[in-house]
Amino acid sequence: MSAAVDHLGAHKLVKVLCRFEDANGALFEAGETGRIQHIHFNWATSKITIELMQGEDLKKIILHQHTSKSSGPRSGNLRQYFEVTGEQVVWGPEEERPPVPIQPEEPAPVEQPSRYVHDEYSQLIDRLDRADQMEELESLIKDRNPYAYYALEIATVYRGRWRRFKAAGDVVRAEEARKEASSWAYTFAGFATSGGRCR
């Protein structure tokens, strides 16, 4: 799960506002753009690494974390160095997933998230989803999941809506569902970086 720092998070499209050198000496020029793919925080070293996709190239920005450092981007001053210009969520298409090996004689059981197990709860979630009763659906999931994972399950529901509406050509509702999926995914990420015991 990607972390977030200041106003930056995964999928954000960013522009470098002023020339800087990161903690490893890598130079970044004003005007450079890219999409943040991942932000990693190393608890052992307190080092923050921002993975920035620039076309096909992946660059890593290592943040300064020492107060003795007189210049350079670090947690707390990133708005001086980066402008967020948009957001681009990239969901991997189903066909890009590696195939599941098939063993004809004794196939191994595939564990599925509770969302897709056809029990009474998941059937109710599906009915509320199809009936567009999203407030009731979100409340039900929150009541069922006492910790941060409720946000991930809600994000999964909205992702399913996004794919369904997109396939049906309903661009407006697909975009609304995509934004909700992204928002709930960020909520889960925020909980994860704070210990994950939030409601």
# chains A, B, ... in the order shown; residues from 1 in each chain; ligands from 1
call {"tool": "residues_around", "arguments": {"residues": "Val172 of chain A", "least_positions_apart": "6", "cutoff": "12 Å", "atoms": "only C-alpha atoms", "output": "list in words"}}
result
Arg161, Trp162, Phe165, Lys166, Arg178 and Lys179 of chain A
call {"tool": "select_by_dssp", "arguments": {"residues": "segment 127-156 of chain A", "states": "helix (DSSP H, G or I)", "output": "list of chain:residue names"}}
result
A:Arg127, A:Leu128, A:Asp129, A:Arg130, A:Met134, A:Glu135, A:Glu136, A:Leu137, A:Glu138, A:Ser139, A:Leu140, A:Ile141, A:Lys142, A:Asp143, A:Arg144, A:Tyr149, A:Tyr150, A:Ala151, A:Leu152, A:Glu153, A:Ile154, A:Ala155, A:Thr156
call {"tool": "atom_distance", "arguments": {"atom1": "atom CA of Gly169 of chain A", "atom2": "atom CA of Lys12 of chain A"}}
result
25.5 Å
call {"tool": "residues_around", "arguments": {"residues": "Arg35 of chain A", "least_positions_apart": "5", "cutoff": "9 Å", "atoms": "only C-alpha atoms", "output": "number ranges by chain"}}
result
A: 10-15, 51-55, 87-88
call {"tool": "residues_around", "arguments": {"residues": "segment 76-79 of chain A", "least_positions_apart": "2", "cutoff": "12 Å", "atoms": "only C-alpha atoms", "output": "PDB file with N, CA and C atoms, in the first residue's frame"}}
result
ATOM      1  N   ALA A   4       1.226   8.379   1.801  1.00  0.00           N
ATOM      2  CA  ALA A   4       0.973   9.734   1.316  1.00  0.00           C
ATOM      3  C   ALA A   4       1.825  10.675   2.152  1.00  0.00           C
ATOM      4  N   VAL A   5       2.326  11.744   1.518  1.00  0.00           N
ATOM      5  CA  VAL A   5       3.142  12.712   2.251  1.00  0.00           C
ATOM      6  C   VAL A   5       2.769  14.110   1.758  1.00  0.00           C
ATOM      7  N   ASP A   6       2.510  15.012   2.713  1.00  0.00           N
ATOM      8  CA  ASP A   6       2.011  16.348   2.390  1.00  0.00           C
ATOM      9  C   ASP A   6       0.799  16.221   1.456  1.00  0.00           C
ATOM     10  N   HIS A   7       0.834  16.881   0.287  1.00  0.00           N
ATOM     11  CA  HIS A   7      -0.307  16.833  -0.634  1.00  0.00           C
ATOM     12  C   HIS A   7      -0.101  15.787  -1.732  1.00  0.00           C
ATOM     13  N   LEU A   8       0.931  14.967  -1.602  1.00  0.00           N
ATOM     14  CA  LEU A   8       1.257  14.003  -2.648  1.00  0.00           C
ATOM     15  C   LEU A   8       0.807  12.593  -2.282  1.00  0.00           C
ATOM     16  N   GLY A   9       0.357  11.862  -3.281  1.00  0.00           N
ATOM     17  CA  GLY A   9      -0.069  10.482  -3.089  1.00  0.00           C
ATOM     18  C   GLY A   9       0.005   9.743  -4.414  1.00  0.00           C
ATOM     19  N   VAL A  14       1.952  15.333 -11.301  1.00  0.00           N
ATOM     20  CA  VAL A  14       2.650  16.448 -10.661  1.00  0.00           C
ATOM     21  C   VAL A  14       3.578  17.158 -11.633  1.00  0.00           C
ATOM     22  N   LYS A  15       3.879  18.410 -11.261  1.00  0.00           N
ATOM     23  CA  LYS A  15       4.827  19.226 -12.023  1.00  0.00           C
ATOM     24  C   LYS A  15       5.843  19.791 -11.041  1.00  0.00           C
ATOM     25  N   VAL A  16       7.127  19.720 -11.393  1.00  0.00           N
ATOM     26  CA  VAL A  16       8.185  20.264 -10.545  1.00  0.00           C
ATOM     27  C   VAL A  16       8.177  21.785 -10.688  1.00  0.00           C
ATOM     28  N   LEU A  17       8.096  22.488  -9.548  1.00  0.00           N
ATOM     29  CA  LEU A  17       7.991  23.947  -9.574  1.00  0.00           C
ATOM     30  C   LEU A  17       9.343  24.641  -9.610  1.00  0.00           C
ATOM     31  N   CYS A  18      10.349  24.056  -8.962  1.00  0.00           N
ATOM     32  CA  CYS A  18      11.669  24.671  -8.991  1.00  0.00           C
ATOM     33  C   CYS A  18      12.742  23.583  -8.949  1.00  0.00           C
ATOM     34  N   PHE A  20      15.682  21.212  -8.038  1.00  0.00           N
ATOM     35  CA  PHE A  20      16.165  20.747  -6.747  1.00  0.00           C
ATOM     36  C   PHE A  20      17.031  19.514  -6.901  1.00  0.00           C
ATOM     37  N   ASP A  22      17.756  15.910  -4.856  1.00  0.00           N
ATOM     38  CA  ASP A  22      17.197  15.101  -3.773  1.00  0.00           C
ATOM     39  C   ASP A  22      18.306  14.610  -2.841  1.00  0.00           C
ATOM     40  N   ILE A  50       9.766   8.552  -3.401  1.00  0.00           N
ATOM     41  CA  ILE A  50       8.660   8.810  -4.323  1.00  0.00           C
ATOM     42  C   ILE A  50       9.038   8.229  -5.678  1.00  0.00           C
ATOM     43  N   ILE A  61      12.676   9.654  -6.259  1.00  0.00           N
ATOM     44  CA  ILE A  61      13.037  10.874  -5.539  1.00  0.00           C
ATOM     45  C   ILE A  61      13.174  10.507  -4.070  1.00  0.00           C
ATOM     46  N   LEU A  63      13.620  11.780  -0.361  1.00  0.00           N
ATOM     47  CA  LEU A  63      13.411  13.022   0.365  1.00  0.00           C
ATOM     48  C   LEU A  63      14.444  13.224   1.460  1.00  0.00           C
ATOM     49  N   HIS A  64      14.881  14.479   1.613  1.00  0.00           N
ATOM     50  CA  HIS A  64      15.723  14.861   2.741  1.00  0.00           C
ATOM     51  C   HIS A  64      14.893  14.735   4.015  1.00  0.00           C
ATOM     52  N   GLN A  65      15.445  14.156   5.045  1.00  0.00           N
ATOM     53  CA  GLN A  65      14.707  14.029   6.299  1.00  0.00           C
ATOM     54  C   GLN A  65      15.426  14.671   7.480  1.00  0.00           C
ATOM     55  N   HIS A  66      16.592  15.242   7.239  1.00  0.00           N
ATOM     56  CA  HIS A  66      17.359  15.827   8.344  1.00  0.00           C
ATOM     57  C   HIS A  66      17.157  17.331   8.391  1.00  0.00           C
ATOM     58  N   THR A  67      16.834  17.844   9.568  1.00  0.00           N
ATOM     59  CA  THR A  67      16.581  19.283   9.702  1.00  0.00           C
ATOM     60  C   THR A  67      17.840  20.100   9.441  1.00  0.00           C
ATOM     61  N   SER A  71      18.567  22.872   2.276  1.00  0.00           N
ATOM     62  CA  SER A  71      17.681  22.994   1.122  1.00  0.00           C
ATOM     63  C   SER A  71      17.268  21.609   0.645  1.00  0.00           C
ATOM     64  N   GLY A  72      16.293  21.600  -0.253  1.00  0.00           N
ATOM     65  CA  GLY A  72      15.823  20.338  -0.815  1.00  0.00           C
ATOM     66  C   GLY A  72      14.468  19.956  -0.267  1.00  0.00           C
ATOM     67  N   PRO A  73      13.724  19.174  -1.047  1.00  0.00           N
ATOM     68  CA  PRO A  73      12.374  18.786  -0.618  1.00  0.00           C
ATOM     69  C   PRO A  73      12.412  17.790   0.532  1.00  0.00           C
ATOM     70  N   ARG A  74      11.493  17.939   1.467  1.00  0.00           N
ATOM     71  CA  ARG A  74      11.334  16.992   2.568  1.00  0.00           C
ATOM     72  C   ARG A  74       9.910  17.101   3.066  1.00  0.00           C
ATOM     73  N   TYR A  81       7.838  22.537  -3.962  1.00  0.00           N
ATOM     74  CA  TYR A  81       8.551  21.844  -5.032  1.00  0.00           C
ATOM     75  C   TYR A  81       7.645  21.148  -6.045  1.00  0.00           C
ATOM     76  N   PHE A  82       6.423  20.799  -5.632  1.00  0.00           N
ATOM     77  CA  PHE A  82       5.544  20.050  -6.521  1.00  0.00           C
ATOM     78  C   PHE A  82       4.147  20.664  -6.576  1.00  0.00           C
ATOM     79  N   GLU A  83       3.624  20.781  -7.800  1.00  0.00           N
ATOM     80  CA  GLU A  83       2.228  21.180  -8.004  1.00  0.00           C
ATOM     81  C   GLU A  83       1.469  19.953  -8.495  1.00  0.00           C
ATOM     82  N   VAL A  84       0.330  19.664  -7.863  1.00  0.00           N
ATOM     83  CA  VAL A  84      -0.517  18.566  -8.327  1.00  0.00           C
ATOM     84  C   VAL A  84      -1.398  19.106  -9.451  1.00  0.00           C
TER      85      VAL A  84
END
call {"tool": "atom_distance", "arguments": {"atom1": "atom CA of Asn145 of chain A", "atom2": "atom CA of Arg164 of chain A"}}
result
24.8 Å
